[in-house]
Structure formats: structure tokens, C-alpha cells
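run_34.cif (mmCIF, C-alpha atoms and all ligand atoms) appears below.
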data_work
#
loop_
_atom_site.group_PDB
_atom_site.id
_atom_site.type_symbol
_atom_site.label_atom_id
_atom_site.label_comp_id
_atom_site.auth_asym_id
_atom_site.auth_seq_id
_atom_site.Cartn_x
_atom_site.Cartn_y
_atom_site.Cartn_z
ATOM 1 C CA ARG Y 1 152.061 180.461 90.634
ATOM 2 C CA GLY Y 2 153.499 181.368 94.050
ATOM 3 C CA LYS Y 3 155.936 184.227 94.396
ATOM 4 C CA ARG Y 4 159.682 183.752 94.767
ATOM 5 C CA ALA Y 5 161.647 185.911 97.209
ATOM 6 C CA PHE Y 6 165.356 186.530 97.697
ATOM 7 C CA ILE Y 7 166.200 187.762 101.195
ATOM 8 C CA ALA Y 8 169.745 189.111 101.592
ATOM 9 C CA GLY Y 9 171.100 189.168 105.149
ATOM 10 C CA VAL Y 10 169.990 185.988 106.908
ATOM 11 C CA ALA Y 11 172.607 184.228 109.024
ATOM 12 C CA ASP Y 12 170.660 183.112 112.106
ATOM 13 C CA ASP Y 13 167.088 182.983 113.429
ATOM 14 C CA HIS Y 14 167.253 186.167 115.538
ATOM 15 C CA GLY Y 15 167.236 188.983 112.978
ATOM 16 C CA TYR Y 16 164.688 190.756 110.841
ATOM 17 C CA GLY Y 17 165.753 188.825 107.714
ATOM 18 C CA TRP Y 18 164.687 185.530 109.268
ATOM 19 C CA ALA Y 19 161.351 186.935 110.450
ATOM 20 C CA ILE Y 20 160.661 188.427 107.011
ATOM 21 C CA SER Y 21 161.505 185.097 105.369
ATOM 22 C CA LYS Y 22 159.021 183.386 107.666
ATOM 23 C CA ALA Y 23 156.243 185.877 106.997
ATOM 24 C CA LEU Y 24 156.785 185.561 103.241
ATOM 25 C CA ALA Y 25 156.879 181.748 103.506
ATOM 26 C CA ALA Y 26 153.666 181.793 105.539
ATOM 27 C CA ALA Y 27 152.085 183.816 102.730
ATOM 28 C CA GLY Y 28 153.101 181.140 100.242
ATOM 29 C CA ALA Y 29 156.353 182.485 98.795
ATOM 30 C CA GLU Y 30 159.342 180.342 97.880
ATOM 31 C CA ILE Y 31 162.343 181.446 99.933
ATOM 32 C CA LEU Y 32 165.920 181.965 98.725
ATOM 33 C CA VAL Y 33 168.393 183.611 101.081
ATOM 34 C CA GLY Y 34 171.749 185.333 100.713
ATOM 35 C CA THR Y 35 174.081 184.707 103.646
ATOM 36 C CA TRP Y 36 177.258 186.633 104.374
ATOM 37 C CA VAL Y 37 180.175 184.392 103.354
ATOM 38 C CA PRO Y 38 181.963 184.347 106.739
ATOM 39 C CA ALA Y 39 178.695 183.294 108.436
ATOM 40 C CA LEU Y 40 177.722 180.688 105.819
ATOM 41 C CA ASN Y 41 179.190 177.511 107.324
ATOM 42 C CA ILE Y 42 177.697 177.933 110.742
ATOM 43 C CA PHE Y 43 174.309 178.967 109.319
ATOM 44 C CA GLU Y 44 174.098 176.021 106.930
ATOM 45 C CA SER Y 45 175.274 173.473 109.468
ATOM 46 C CA SER Y 46 172.844 174.826 112.095
ATOM 47 C CA LEU Y 47 170.025 174.575 109.542
ATOM 48 C CA ARG Y 48 171.035 171.014 108.659
ATOM 49 C CA ARG Y 49 171.400 169.927 112.279
ATOM 50 C CA GLY Y 50 167.885 171.179 113.054
ATOM 51 C CA LYS Y 51 169.017 173.947 115.390
ATOM 52 C CA PHE Y 52 166.478 176.328 113.848
ATOM 53 C CA ASP Y 53 163.615 173.849 113.579
ATOM 54 C CA GLU Y 54 161.602 175.405 116.371
ATOM 55 C CA SER Y 55 161.963 178.877 114.817
ATOM 56 C CA ARG Y 56 161.022 177.442 111.423
ATOM 57 C CA ILE Y 57 157.469 176.637 112.543
ATOM 58 C CA LEU Y 58 154.884 178.582 110.515
ATOM 59 C CA PRO Y 59 151.383 179.499 111.723
ATOM 60 C CA ASP Y 60 149.908 176.408 109.986
ATOM 61 C CA GLY Y 61 152.337 174.127 111.840
ATOM 62 C CA SER Y 62 154.552 173.349 108.845
ATOM 63 C CA LEU Y 63 158.255 174.250 108.750
ATOM 64 C CA MET Y 64 159.609 177.082 106.617
ATOM 65 C CA GLU Y 65 161.603 175.632 103.720
ATOM 66 C CA ILE Y 66 164.587 177.596 102.484
ATOM 67 C CA THR Y 67 164.897 176.393 98.908
ATOM 68 C CA LYS Y 68 168.500 177.558 98.548
ATOM 69 C CA VAL Y 69 171.132 179.448 100.529
ATOM 70 C CA TYR Y 70 173.487 181.567 98.421
ATOM 71 C CA PRO Y 71 176.804 182.801 99.803
ATOM 72 C CA LEU Y 72 176.892 186.588 99.395
ATOM 73 C CA ASP Y 73 179.180 189.474 100.189
ATOM 74 C CA ALA Y 74 177.262 192.559 99.187
ATOM 75 C CA VAL Y 75 180.242 194.897 99.357
ATOM 76 C CA PHE Y 76 181.611 193.355 96.147
ATOM 77 C CA ASP Y 77 179.825 193.698 92.812
ATOM 78 C CA SER Y 78 181.963 191.379 90.685
ATOM 79 C CA PRO Y 79 185.100 189.218 91.037
ATOM 80 C CA GLU Y 80 187.356 192.024 89.761
ATOM 81 C CA ASP Y 81 186.451 194.041 92.878
ATOM 82 C CA VAL Y 82 187.668 191.441 95.376
ATOM 83 C CA PRO Y 83 191.020 192.267 96.959
ATOM 84 C CA GLU Y 84 193.716 189.595 97.436
ATOM 85 C CA ASP Y 85 193.371 189.373 101.244
ATOM 86 C CA ILE Y 86 189.671 188.486 100.942
ATOM 87 C CA LYS Y 87 190.240 186.065 98.032
ATOM 88 C CA THR Y 88 192.770 184.132 100.071
ATOM 89 C CA ASN Y 89 190.932 184.450 103.418
ATOM 90 C CA LYS Y 90 190.113 180.949 104.609
ATOM 91 C CA ARG Y 91 186.530 181.901 105.444
ATOM 92 C CA TYR Y 92 186.006 182.818 101.770
ATOM 93 C CA LEU Y 93 188.051 180.069 100.090
ATOM 94 C CA GLY Y 94 185.382 177.396 100.584
ATOM 95 C CA SER Y 95 182.693 179.349 98.686
ATOM 96 C CA SER Y 96 182.450 180.728 95.178
ATOM 97 C CA ASN Y 97 180.290 183.086 93.101
ATOM 98 C CA TRP Y 98 179.389 185.272 96.073
ATOM 99 C CA THR Y 99 179.727 188.750 94.554
ATOM 100 C CA VAL Y 100 176.412 190.482 93.819
ATOM 101 C CA LYS Y 101 176.630 190.005 90.046
ATOM 102 C CA GLU Y 102 177.512 186.313 90.383
ATOM 103 C CA VAL Y 103 174.755 185.626 92.934
ATOM 104 C CA VAL Y 104 172.182 187.134 90.578
ATOM 105 C CA GLU Y 105 173.585 185.069 87.692
ATOM 106 C CA SER Y 106 173.271 181.926 89.836
ATOM 107 C CA VAL Y 107 169.686 182.748 90.844
ATOM 108 C CA LYS Y 108 168.851 183.368 87.187
ATOM 109 C CA GLN Y 109 170.359 180.030 86.196
ATOM 110 C CA ASP Y 110 168.626 178.166 89.021
ATOM 111 C CA PHE Y 111 165.192 179.787 88.940
ATOM 112 C CA GLY Y 112 164.949 182.260 86.050
ATOM 113 C CA SER Y 113 163.287 185.079 87.981
ATOM 114 C CA ILE Y 114 162.193 186.412 91.358
ATOM 115 C CA ASP Y 115 159.263 188.564 92.503
ATOM 116 C CA ILE Y 116 160.465 189.956 95.821
ATOM 117 C CA LEU Y 117 163.864 191.309 96.877
ATOM 118 C CA VAL Y 118 164.596 192.021 100.550
ATOM 119 C CA HIS Y 119 167.741 193.765 101.806
ATOM 120 C CA SER Y 120 168.175 193.075 105.515
ATOM 121 C CA LEU Y 121 171.838 193.745 106.051
ATOM 122 C CA ALA Y 122 174.076 196.423 107.425
ATOM 123 C CA ASN Y 123 177.626 196.731 108.637
ATOM 124 C CA GLY Y 124 179.668 199.610 109.994
ATOM 125 C CA PRO Y 125 183.125 198.732 111.304
ATOM 126 C CA GLU Y 126 183.244 201.896 113.446
ATOM 127 C CA VAL Y 127 179.591 201.889 114.584
ATOM 128 C CA THR Y 128 180.621 202.272 118.238
ATOM 129 C CA LYS Y 129 182.569 205.482 117.487
ATOM 130 C CA PRO Y 130 180.848 208.877 117.437
ATOM 131 C CA LEU Y 131 180.597 210.405 113.954
ATOM 132 C CA LEU Y 132 183.061 213.084 115.017
ATOM 133 C CA GLU Y 133 185.656 210.355 115.581
ATOM 134 C CA THR Y 134 184.864 208.213 112.553
ATOM 135 C CA SER Y 135 187.570 207.663 109.946
ATOM 136 C CA ARG Y 136 187.004 208.118 106.231
ATOM 137 C CA TYR Y 137 187.545 204.381 105.854
ATOM 138 C CA GLY Y 138 184.907 203.546 108.495
ATOM 139 C CA TYR Y 139 182.369 205.974 107.058
ATOM 140 C CA LEU Y 140 182.766 204.738 103.494
ATOM 141 C CA ALA Y 141 182.695 201.109 104.647
ATOM 142 C CA ALA Y 142 179.375 201.737 106.425
ATOM 143 C CA ILE Y 143 177.908 203.297 103.278
ATOM 144 C CA SER Y 144 179.276 200.518 101.093
ATOM 145 C CA ALA Y 145 177.898 197.658 103.196
ATOM 146 C CA SER Y 146 174.657 199.299 104.315
ATOM 147 C CA SER Y 147 173.567 201.578 101.436
ATOM 148 C CA TYR Y 148 175.314 200.884 98.154
ATOM 149 C CA SER Y 149 174.806 197.162 98.768
ATOM 150 C CA TYR Y 150 171.106 197.837 98.203
ATOM 151 C CA VAL Y 151 171.624 199.892 95.045
ATOM 152 C CA SER Y 152 173.811 197.097 93.718
ATOM 153 C CA LEU Y 153 171.406 194.280 94.641
ATOM 154 C CA LEU Y 154 168.448 196.056 93.067
ATOM 155 C CA LYS Y 155 170.438 197.058 89.985
ATOM 156 C CA HIS Y 156 171.471 193.460 89.365
ATOM 157 C CA PHE Y 157 168.196 191.789 90.382
ATOM 158 C CA ALA Y 158 165.784 194.208 88.660
ATOM 159 C CA PRO Y 159 166.306 192.694 85.184
ATOM 160 C CA ILE Y 160 165.231 189.262 86.491
ATOM 161 C CA MET Y 161 162.368 190.573 88.632
ATOM 162 C CA ASN Y 162 158.873 189.968 87.307
ATOM 163 C CA PRO Y 163 156.843 193.128 86.591
ATOM 164 C CA GLY Y 164 154.700 194.000 89.599
ATOM 165 C CA GLY Y 165 157.521 192.851 91.858
ATOM 166 C CA ALA Y 166 158.503 194.507 95.105
ATOM 167 C CA SER Y 167 161.730 195.329 96.827
ATOM 168 C CA LEU Y 168 162.353 196.480 100.377
ATOM 169 C CA SER Y 169 165.043 197.264 102.888
ATOM 170 C CA LEU Y 170 165.338 197.904 106.627
ATOM 171 C CA THR Y 171 166.248 201.301 107.986
ATOM 172 C CA TYR Y 172 166.485 203.019 111.353
ATOM 173 C CA ILE Y 173 165.273 206.388 112.643
ATOM 174 C CA ALA Y 174 168.865 207.466 113.397
ATOM 175 C CA SER Y 175 168.792 208.660 109.752
ATOM 176 C CA GLU Y 176 166.557 211.599 110.671
ATOM 177 C CA ARG Y 177 166.801 212.061 114.455
ATOM 178 C CA ILE Y 178 169.827 212.081 116.725
ATOM 179 C CA ILE Y 179 170.403 208.645 118.269
ATOM 180 C CA PRO Y 180 173.622 208.944 120.274
ATOM 181 C CA GLY Y 181 175.582 205.701 120.015
ATOM 182 C CA TYR Y 182 174.548 204.836 116.436
ATOM 183 C CA GLY Y 183 177.867 205.995 115.074
ATOM 184 C CA GLY Y 184 180.550 205.207 112.534
ATOM 185 C CA GLY Y 185 178.543 206.787 109.706
ATOM 186 C CA MET Y 186 175.675 204.310 110.200
ATOM 187 C CA SER Y 187 173.226 207.202 110.669
ATOM 188 C CA SER Y 188 174.527 208.640 107.383
ATOM 189 C CA ALA Y 189 174.202 205.233 105.699
ATOM 190 C CA LYS Y 190 170.537 204.956 106.728
ATOM 191 C CA ALA Y 191 169.859 208.502 105.478
ATOM 192 C CA ALA Y 192 171.329 207.483 102.121
ATOM 193 C CA LEU Y 193 169.256 204.288 102.091
ATOM 194 C CA GLU Y 194 166.034 206.247 102.667
ATOM 195 C CA SER Y 195 166.804 208.826 100.020
ATOM 196 C CA ASP Y 196 167.785 206.070 97.599
ATOM 197 C CA THR Y 197 164.451 204.355 98.318
ATOM 198 C CA ARG Y 198 162.683 207.340 96.751
ATOM 199 C CA VAL Y 199 164.982 207.677 93.748
ATOM 200 C CA LEU Y 200 165.034 203.922 93.123
ATOM 201 C CA ALA Y 201 161.231 203.799 93.425
ATOM 202 C CA PHE Y 202 161.072 206.245 90.525
ATOM 203 C CA GLU Y 203 163.738 204.605 88.399
ATOM 204 C CA ALA Y 204 162.773 200.959 89.012
ATOM 205 C CA GLY Y 205 159.083 201.862 88.852
ATOM 206 C CA ARG Y 206 159.387 203.432 85.422
ATOM 207 C CA LYS Y 207 161.866 200.956 83.995
ATOM 208 C CA HIS Y 208 160.765 197.640 85.539
ATOM 209 C CA ASN Y 209 157.367 198.206 87.197
ATOM 210 C CA ILE Y 210 158.905 197.293 90.539
ATOM 211 C CA ARG Y 211 157.950 198.930 93.854
ATOM 212 C CA VAL Y 212 160.667 200.072 96.291
ATOM 213 C CA ASN Y 213 159.993 200.732 99.988
ATOM 214 C CA THR Y 214 161.852 200.668 103.274
ATOM 215 C CA ILE Y 215 160.747 199.756 106.789
ATOM 216 C CA SER Y 216 162.008 201.938 109.625
ATOM 217 C CA ALA Y 217 162.060 199.323 112.345
ATOM 218 C CA GLY Y 218 162.166 199.713 116.093
ATOM 219 C CA PRO Y 219 164.854 198.063 118.208
ATOM 220 C CA LEU Y 220 165.372 194.282 118.114
ATOM 221 C CA ARG Y 221 168.004 192.272 119.989
ATOM 222 C CA SER Y 222 169.619 190.849 116.811
ATOM 223 C CA ARG Y 223 173.229 189.835 116.421
ATOM 224 C CA ALA Y 224 174.030 193.081 114.577
ATOM 225 C CA ALA Y 225 172.239 195.206 117.189
ATOM 226 C CA LYS Y 226 174.071 193.547 120.079
ATOM 227 C CA ALA Y 227 177.355 194.486 118.417
ATOM 228 C CA ILE Y 228 176.375 198.179 118.646
ATOM 229 C CA GLY Y 229 176.177 197.832 122.427
ATOM 230 C CA PHE Y 230 173.100 199.870 123.429
ATOM 231 C CA ILE Y 231 170.254 197.657 122.274
ATOM 232 C CA ASP Y 232 168.830 196.833 125.739
ATOM 233 C CA MET Y 233 168.717 200.542 126.553
ATOM 234 C CA MET Y 234 166.897 201.270 123.264
ATOM 235 C CA ILE Y 235 164.354 198.502 123.907
ATOM 236 C CA ASP Y 236 163.689 199.818 127.427
ATOM 237 C CA TYR Y 237 163.453 203.396 126.122
ATOM 238 C CA SER Y 238 160.893 202.333 123.529
ATOM 239 C CA SER Y 239 158.796 200.353 126.012
ATOM 240 C CA GLU Y 240 158.727 203.358 128.300
ATOM 241 C CA ASN Y 241 158.080 206.084 125.732
ATOM 242 C CA ALA Y 242 156.323 204.662 122.657
ATOM 243 C CA PRO Y 243 152.539 204.931 122.220
ATOM 244 C CA LEU Y 244 152.381 201.122 122.328
ATOM 245 C CA GLN Y 245 154.190 199.991 125.467
ATOM 246 C CA LYS Y 246 155.252 196.507 124.421
ATOM 247 C CA GLU Y 247 158.439 194.973 123.140
ATOM 248 C CA LEU Y 248 158.572 194.911 119.333
ATOM 249 C CA SER Y 249 158.764 191.407 117.895
ATOM 250 C CA ALA Y 250 160.641 190.564 114.710
ATOM 251 C CA GLU Y 251 157.428 188.911 113.530
ATOM 252 C CA GLU Y 252 155.639 192.283 113.498
ATOM 253 C CA VAL Y 253 158.264 193.626 111.104
ATOM 254 C CA GLY Y 254 158.007 190.403 109.082
ATOM 255 C CA ASN Y 255 154.253 190.876 108.725
ATOM 256 C CA ALA Y 256 154.647 194.500 107.581
ATOM 257 C CA ALA Y 257 157.237 193.333 105.048
ATOM 258 C CA ALA Y 258 154.862 190.658 103.738
ATOM 259 C CA PHE Y 259 152.182 193.336 103.345
ATOM 260 C CA LEU Y 260 154.528 195.698 101.472
ATOM 261 C CA ALA Y 261 155.645 192.864 99.201
ATOM 262 C CA SER Y 262 152.050 191.811 98.451
ATOM 263 C CA PRO Y 263 149.459 193.092 95.954
ATOM 264 C CA LEU Y 264 147.669 194.687 98.959
ATOM 265 C CA ALA Y 265 150.381 197.369 98.721
ATOM 266 C CA SER Y 266 150.206 197.732 94.927
ATOM 267 C CA ALA Y 267 150.075 201.548 95.029
ATOM 268 C CA ILE Y 268 152.726 201.981 97.736
ATOM 269 C CA THR Y 269 156.230 202.834 96.581
ATOM 270 C CA GLY Y 270 159.002 205.205 97.631
ATOM 271 C CA THR Y 271 157.869 205.177 101.249
ATOM 272 C CA VAL Y 272 159.468 204.795 104.656
ATOM 273 C CA LEU Y 273 157.041 202.715 106.754
ATOM 274 C CA TYR Y 274 157.560 202.927 110.524
ATOM 275 C CA VAL Y 275 157.141 199.627 112.326
ATOM 276 C CA ASP Y 276 158.233 200.775 115.758
ATOM 277 C CA ASN Y 277 155.209 200.786 118.109
ATOM 278 C CA GLY Y 278 154.803 204.448 117.086
ATOM 279 C CA LEU Y 279 157.933 205.716 118.816
ATOM 280 C CA ASN Y 280 158.798 207.927 115.811
ATOM 281 C CA ALA Y 281 155.718 210.066 116.432
ATOM 282 C CA MET Y 282 156.721 211.112 119.963
ATOM 283 C CA GLY Y 283 158.220 214.542 120.541
ATOM 284 C CA VAL Y 284 159.187 214.038 124.174
ATOM 285 C CA GLY Y 285 159.424 210.998 126.382
ATOM 286 C CA VAL Y 286 156.700 210.634 129.022
HETATM 287 P P1 LIG F 1 171.202 190.681 111.714
HETATM 288 O O1 LIG F 1 172.531 190.462 112.350
HETATM 289 O O2 LIG F 1 170.204 189.574 111.813
HETATM 290 O O3 LIG F 1 171.332 191.007 110.157
HETATM 291 C C1 LIG F 1 172.412 191.651 109.568
HETATM 292 C C2 LIG F 1 172.955 190.694 108.524
HETATM 293 O O4 LIG F 1 173.834 191.375 107.639
HETATM 294 C C3 LIG F 1 173.767 189.550 109.140
HETATM 295 O O5 LIG F 1 173.195 188.316 108.738
HETATM 296 C C4 LIG F 1 175.134 189.723 108.523
HETATM 297 O O6 LIG F 1 175.781 188.497 108.295
HETATM 298 C C5 LIG F 1 174.783 190.438 107.223
HETATM 299 N N1 LIG F 1 175.882 191.138 106.563
HETATM 300 C C6 LIG F 1 176.745 192.048 107.098
HETATM 301 N N2 LIG F 1 177.608 192.463 106.151
HETATM 302 C C7 LIG F 1 177.275 191.825 104.991
HETATM 303 C C8 LIG F 1 177.797 191.826 103.676
HETATM 304 N N3 LIG F 1 178.845 192.575 103.340
HETATM 305 N N4 LIG F 1 177.217 191.047 102.735
HETATM 306 C C9 LIG F 1 176.152 190.272 103.062
HETATM 307 N N5 LIG F 1 175.615 190.221 104.291
HETATM 308 C C10 LIG F 1 176.174 190.986 105.248
HETATM 309 O O7 LIG F 1 170.650 192.023 112.330
HETATM 310 P P2 LIG F 1 169.319 192.885 112.090
HETATM 311 O O8 LIG F 1 169.316 193.849 113.209
HETATM 312 O O9 LIG F 1 168.153 192.021 111.876
HETATM 313 O O10 LIG F 1 169.632 193.700 110.767
HETATM 314 C C11 LIG F 1 168.871 193.641 109.582
HETATM 315 C C12 LIG F 1 168.550 195.042 109.101
HETATM 316 O O11 LIG F 1 167.659 195.649 110.040
HETATM 317 C C13 LIG F 1 169.754 195.974 109.009
HETATM 318 O O12 LIG F 1 169.638 196.794 107.867
HETATM 319 C C14 LIG F 1 169.619 196.810 110.263
HETATM 320 O O13 LIG F 1 170.274 198.058 110.162
HETATM 321 C C15 LIG F 1 168.121 196.956 110.307
HETATM 322 N N6 LIG F 1 167.562 197.456 111.573
HETATM 323 C C16 LIG F 1 167.806 196.791 112.756
HETATM 324 C C17 LIG F 1 167.299 197.279 113.943
HETATM 325 C C18 LIG F 1 167.553 196.558 115.231
HETATM 326 O O14 LIG F 1 167.287 197.108 116.303
HETATM 327 N N7 LIG F 1 168.035 195.331 115.212
HETATM 328 C C19 LIG F 1 166.483 198.505 113.990
HETATM 329 C C20 LIG F 1 166.241 199.101 112.695
HETATM 330 C C21 LIG F 1 166.786 198.590 111.546
#

Just give me the structure of the file as C-alpha cells.
Ligand code: NAI
Amino acid sequence: RGKRAFIAGVADDHGYGWAISKALAAAGAEILVGTWVPALNIFESSLRRGKFDESRILPDGSLMEITKVYPLDAVFDSPEDVPEDIKTNKRYLGSSNWTVKEVVESVKQDFGSIDILVHSLANGPEVTKPLLETSRYGYLAAISASSYSYVSLLKHFAPIMNPGGASLSLTYIASERIIPGYGGGMSSAKAALESDTRVLAFEAGRKHNIRVNTISAGPLRSRAAKAIGFIDMMIDYSSENAPLQKELSAEEVGNAAAFLASPLASAITGTVLYVDNGLNAMGVGV
């Protein structure tokens, strides 16, 4: 039987989530995605209208099928957590069952189990502010959307993940080195995500026989990255200074994700895998 994957954080065809979905589909997996509620309508209508058809083409010429799109807001674990202003927000009113617990219940009802969980989402409302100017609210919001969202997804999905399954997330080197401009507590959120990758690898490994890894990806001109404001500079910096002087493609991260999710990586867990043209290894720019 083919594997079934749930990829959280796909809302267009530009980001890492889309590229990972494609690489997993090309390897034969069935694809389910979780799309942020406010982005759901436009994503689904674009899919339906064929706007992504060109980007859906797989290496064998067929089109990636997304079996089901689930509305998801990963900052809420269950309906009791949703505040009134979100409940009554018109972008949320049209969808239901989008808290983490409800999404997992729906997936269980629809399909019974999954094999692969991918977390490809992040959000930091104050990302453009230096850490020294970040509010408590902004910092905690970054951690909630970008780090705890992963703990919550894995916690809820693990019981319906088949033994031997794999889970992975996307991180960024700002967790361990100073990247001016990656603010609002996002550097802190990625540090938490990487540390949690190790602890969750232990806990989910022992309890569920699931592997847990994270990919530290180089810069990509995604929607989220454009919102930070310095992505073109980071891409130029990498092309100039990395061991491999080429622009990183989302597909390269997708392929690494497919490897980590596959039996080829059956002894790899708790790791941070750099997929960044080697930039992390440089000490000075030359
Ligand atoms: P993206 O914009 O394609 O993906 C981010 C997704 O998160 C969006 O689809 C957005 O709708 C979703 N999202 C935000 N808040 C959410 C919530 N509360 N619940 C559910 N979904 C939510 O951008 P990208 O860059 O592909 O991001 C994917 C991951 O890759 C993130 O973890 C990001 O930090 C990481 N990454 C990105 C790099 C880059 O240069 N683009 C570099 C290294 C890591």
C-alpha cells in the first residue's frame, strides 16, 4: 500500500509545503493538505480553476492529486480555545472543524491513518521588529504559530500514525546564528522547534515508533518570506557566499523531505538536516 501524507501549511504553489507535497506525490504518496483558514477560499478556487496545473506536473508527466484539503488554524487545539472575534470573523465563518484536534478527527474518520506528517508553517506578527523591540504578545504569538503548532500537530496525529511513520518540519538557521531582520521572536521560535525535534524524536520514537526530523532550509521567495522583507538580499547573500553558488529551489527541499520521510532514512531521527547549498558551514563570506 502507498503511504499517506498530511502536509500542514500549503496555501499556494510557491512555498516549501507545495514542493514537499509534490516530491511525496512523485514518490507515490497520497496527499492531504492543511490550509490556513483565511487562505482556504482562494487556494481551493485556484486549484479548481486550474491556476496551479502547470506547477502540479510531476516528473512522469502526470498531475499531483491533492486528495483532500482540510481547513486548519494550528494556533488553536480545540473549539474551546477559539476566541469570539475569530469565531465570528467572516473569513472563518464559512469553514468548520479547523482546530488541530478536529482536523485530526476528520482525517481519522476519512482515512483512518497517515504515515507522514509535515509541518511547513510559521507566523510571527512582529517578524519585522528587532527582538529588542518585540512585545510579549508578538513573541508568544510567534512561538504559538511556529513552534507549539508542531507539538500540537504531532501530539494529535501520532495516535493515528502507522508505526515506522515519519514527521518533519522546516526551520531556519536564525535559530543558532544571528540573522538581523528575522525578528519578532521568530529566531526564538525556530530554536524551540529544533530543540523540540530532539525531545519529540525521543518521545514519539519510544511511544509510537515515529521518526522526527527538521530541515534547516536556505532562503526561498515564498509568500511568508516576502512578508519578512529581506528575502532577495538573503538569496543574493547565499548565491555569493555558499559553497554551491546557485539559487536554492523549493524542489531540492522537497526531495530532501521525501528522503527523510522514506525508509531510506529509517535510522535518522532527532536531526536538523541543512538543505541550504552548504551556507551553514561557512565561517566568513568570500
Ligand atoms: P509559505 O507562505 O508557503 O508557508 C507558510 C504557510 O503557513 C502559509 O501557507 C500560511 O497560510 C500558513 N500558516 C500561517 N499561520 C498558520 C496557522 N496559524 N495555521 C495554519 N497555517 C498557517 O512560506 P514558506 O517560506 O514555504 O514557509 C514554510 C516553512 O518553511 C516555515 O516554517 C518557514 O519558516 C520555513 N522556512 C522558510 C524559508 C524561506 O526562505 N522561505 C527558509 C527556512 C525555513

> Hey, what's within 9 Å of segment 263-279 of chain Y if we count all atoms listed in the file and toss same-chain stuff fewer than 5 positions away? As a ChimeraX atom specification, please?
Replying inline: /Y:164,166,171-173,194-202,205,210-219,238-239,241-248,252-253,256

> Using all atoms listed in the file, what residues lie at most 7 Å away from (182.2, 175.9, 102.1) (file coordinates), given as a list of chain:residue names?
Replying inline: Y:Asn41, Y:Gly94, Y:Ser95

>> Assuming the chain letters and numbering stay as they are in my file, what does the PyMOL selection byres (((not hetatm)) within 7 of (chain F and resi 1)) actually select? List them as a ChimeraX atom specification.
In response: /Y:8-12,14-17,35-36,39,72-75,120-123,145-146,169-172,216-225,231

Would you write out those residues with C-alpha atoms, as a compact mmCIF listing (two decimals), in the frame of the given file?
# COMPACT_ATOMS: atom_id res chain seq x y z
CA ALA Y 8 169.74 189.11 101.59
CA GLY Y 9 171.10 189.17 105.15
CA VAL Y 10 169.99 185.99 106.91
CA ALA Y 11 172.61 184.23 109.02
CA ASP Y 12 170.66 183.11 112.11
CA HIS Y 14 167.25 186.17 115.54
CA GLY Y 15 167.24 188.98 112.98
CA TYR Y 16 164.69 190.76 110.84
CA GLY Y 17 165.75 188.82 107.71
CA THR Y 35 174.08 184.71 103.65
CA TRP Y 36 177.26 186.63 104.37
CA ALA Y 39 178.70 183.29 108.44
CA LEU Y 72 176.89 186.59 99.40
CA ASP Y 73 179.18 189.47 100.19
CA ALA Y 74 177.26 192.56 99.19
CA VAL Y 75 180.24 194.90 99.36
CA SER Y 120 168.18 193.08 105.52
CA LEU Y 121 171.84 193.74 106.05
CA ALA Y 122 174.08 196.42 107.42
CA ASN Y 123 177.63 196.73 108.64
CA ALA Y 145 177.90 197.66 103.20
CA SER Y 146 174.66 199.30 104.32
CA SER Y 169 165.04 197.26 102.89
CA LEU Y 170 165.34 197.90 106.63
CA THR Y 171 166.25 201.30 107.99
CA TYR Y 172 166.48 203.02 111.35
CA SER Y 216 162.01 201.94 109.62
CA ALA Y 217 162.06 199.32 112.34
CA GLY Y 218 162.17 199.71 116.09
CA PRO Y 219 164.85 198.06 118.21
CA LEU Y 220 165.37 194.28 118.11
CA ARG Y 221 168.00 192.27 119.99
CA SER Y 222 169.62 190.85 116.81
CA ARG Y 223 173.23 189.84 116.42
CA ALA Y 224 174.03 193.08 114.58
CA ALA Y 225 172.24 195.21 117.19
CA ILE Y 231 170.25 197.66 122.27

> What does the distance between atom CA of Ile116 of chain Y and atom CA of Lys155 of chain Y come to in Å, to one decimal place?
Replying inline: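 We find that atom CA of Ile116 of chain Y and atom CA of Lys155 of chain Y lie 13.6 Å from each other.
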
> Between atom CA of Ser55 of chain Y and atom CA of Ser149 of chain Y, what is the spacing in Å?
Replying inline: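 Separation between atom CA of Ser149 of chain Y and atom CA of Ser55 of chain Y: 27.5 Å.
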
> If the PyMOL selection byres (((chain Y and resi 152) around 10) and not hetatm) is run on the structure shown, which residues does it catch, given as a list of chain:residue names?
Replying inline: Y:Ala74, Y:Val75, Y:Phe76, Y:Asp77, Y:Val100, Y:Lys101, Y:Ser144, Y:Ser147, Y:Tyr148, Y:Ser149, Y:Tyr150, Y:Val151, Y:Leu153, Y:Leu154, Y:Lys155, Y:His156, Y:Phe157, Y:Ala158

> Around (174.2, 205.7, 116.1) in the file's own coordinates, what residues are found within 12 Å if you use all atoms listed in the file, given back as a VMD selection string?
Replying inline: chain Y and resid 124 126 to 132 134 142 172 to 191 225 227 to 231 234

Step by step: locate segment 49-57 of chain Y in the block above, keep N, CA, C and O atoms, then write the file as a compact mmCIF listing (two decimals), in the first residue's frame.
# COMPACT_ATOMS: atom_id res chain seq x y z
N ARG Y 49 -9.85 26.10 -10.50
CA ARG Y 49 -9.81 26.80 -11.79
C ARG Y 49 -8.57 26.45 -12.62
O ARG Y 49 -8.39 26.97 -13.71
N GLY Y 50 -7.70 25.57 -12.07
CA GLY Y 50 -6.56 25.12 -12.86
C GLY Y 50 -5.36 26.05 -12.82
O GLY Y 50 -4.40 25.88 -13.55
N LYS Y 51 -5.41 27.03 -11.89
CA LYS Y 51 -4.33 28.01 -11.82
C LYS Y 51 -2.98 27.36 -11.45
O LYS Y 51 -1.92 27.90 -11.77
N PHE Y 52 -3.05 26.22 -10.76
CA PHE Y 52 -1.81 25.57 -10.34
C PHE Y 52 -1.43 24.40 -11.25
O PHE Y 52 -0.48 23.67 -10.94
N ASP Y 53 -2.18 24.19 -12.32
CA ASP Y 53 -1.98 22.98 -13.11
C ASP Y 53 -0.54 22.81 -13.60
O ASP Y 53 0.02 21.71 -13.55
N GLU Y 54 0.06 23.91 -14.03
CA GLU Y 54 1.43 23.80 -14.51
C GLU Y 54 2.37 23.37 -13.37
O GLU Y 54 3.25 22.54 -13.58
N SER Y 55 2.16 23.93 -12.18
CA SER Y 55 3.01 23.55 -11.04
C SER Y 55 2.64 22.18 -10.49
O SER Y 55 3.33 21.69 -9.60
N ARG Y 56 1.55 21.61 -10.95
CA ARG Y 56 1.17 20.27 -10.45
C ARG Y 56 1.86 19.16 -11.22
O ARG Y 56 1.75 17.99 -10.85
N ILE Y 57 2.56 19.51 -12.31
CA ILE Y 57 3.14 18.46 -13.16
C ILE Y 57 4.29 17.73 -12.44
O ILE Y 57 5.23 18.35 -11.95
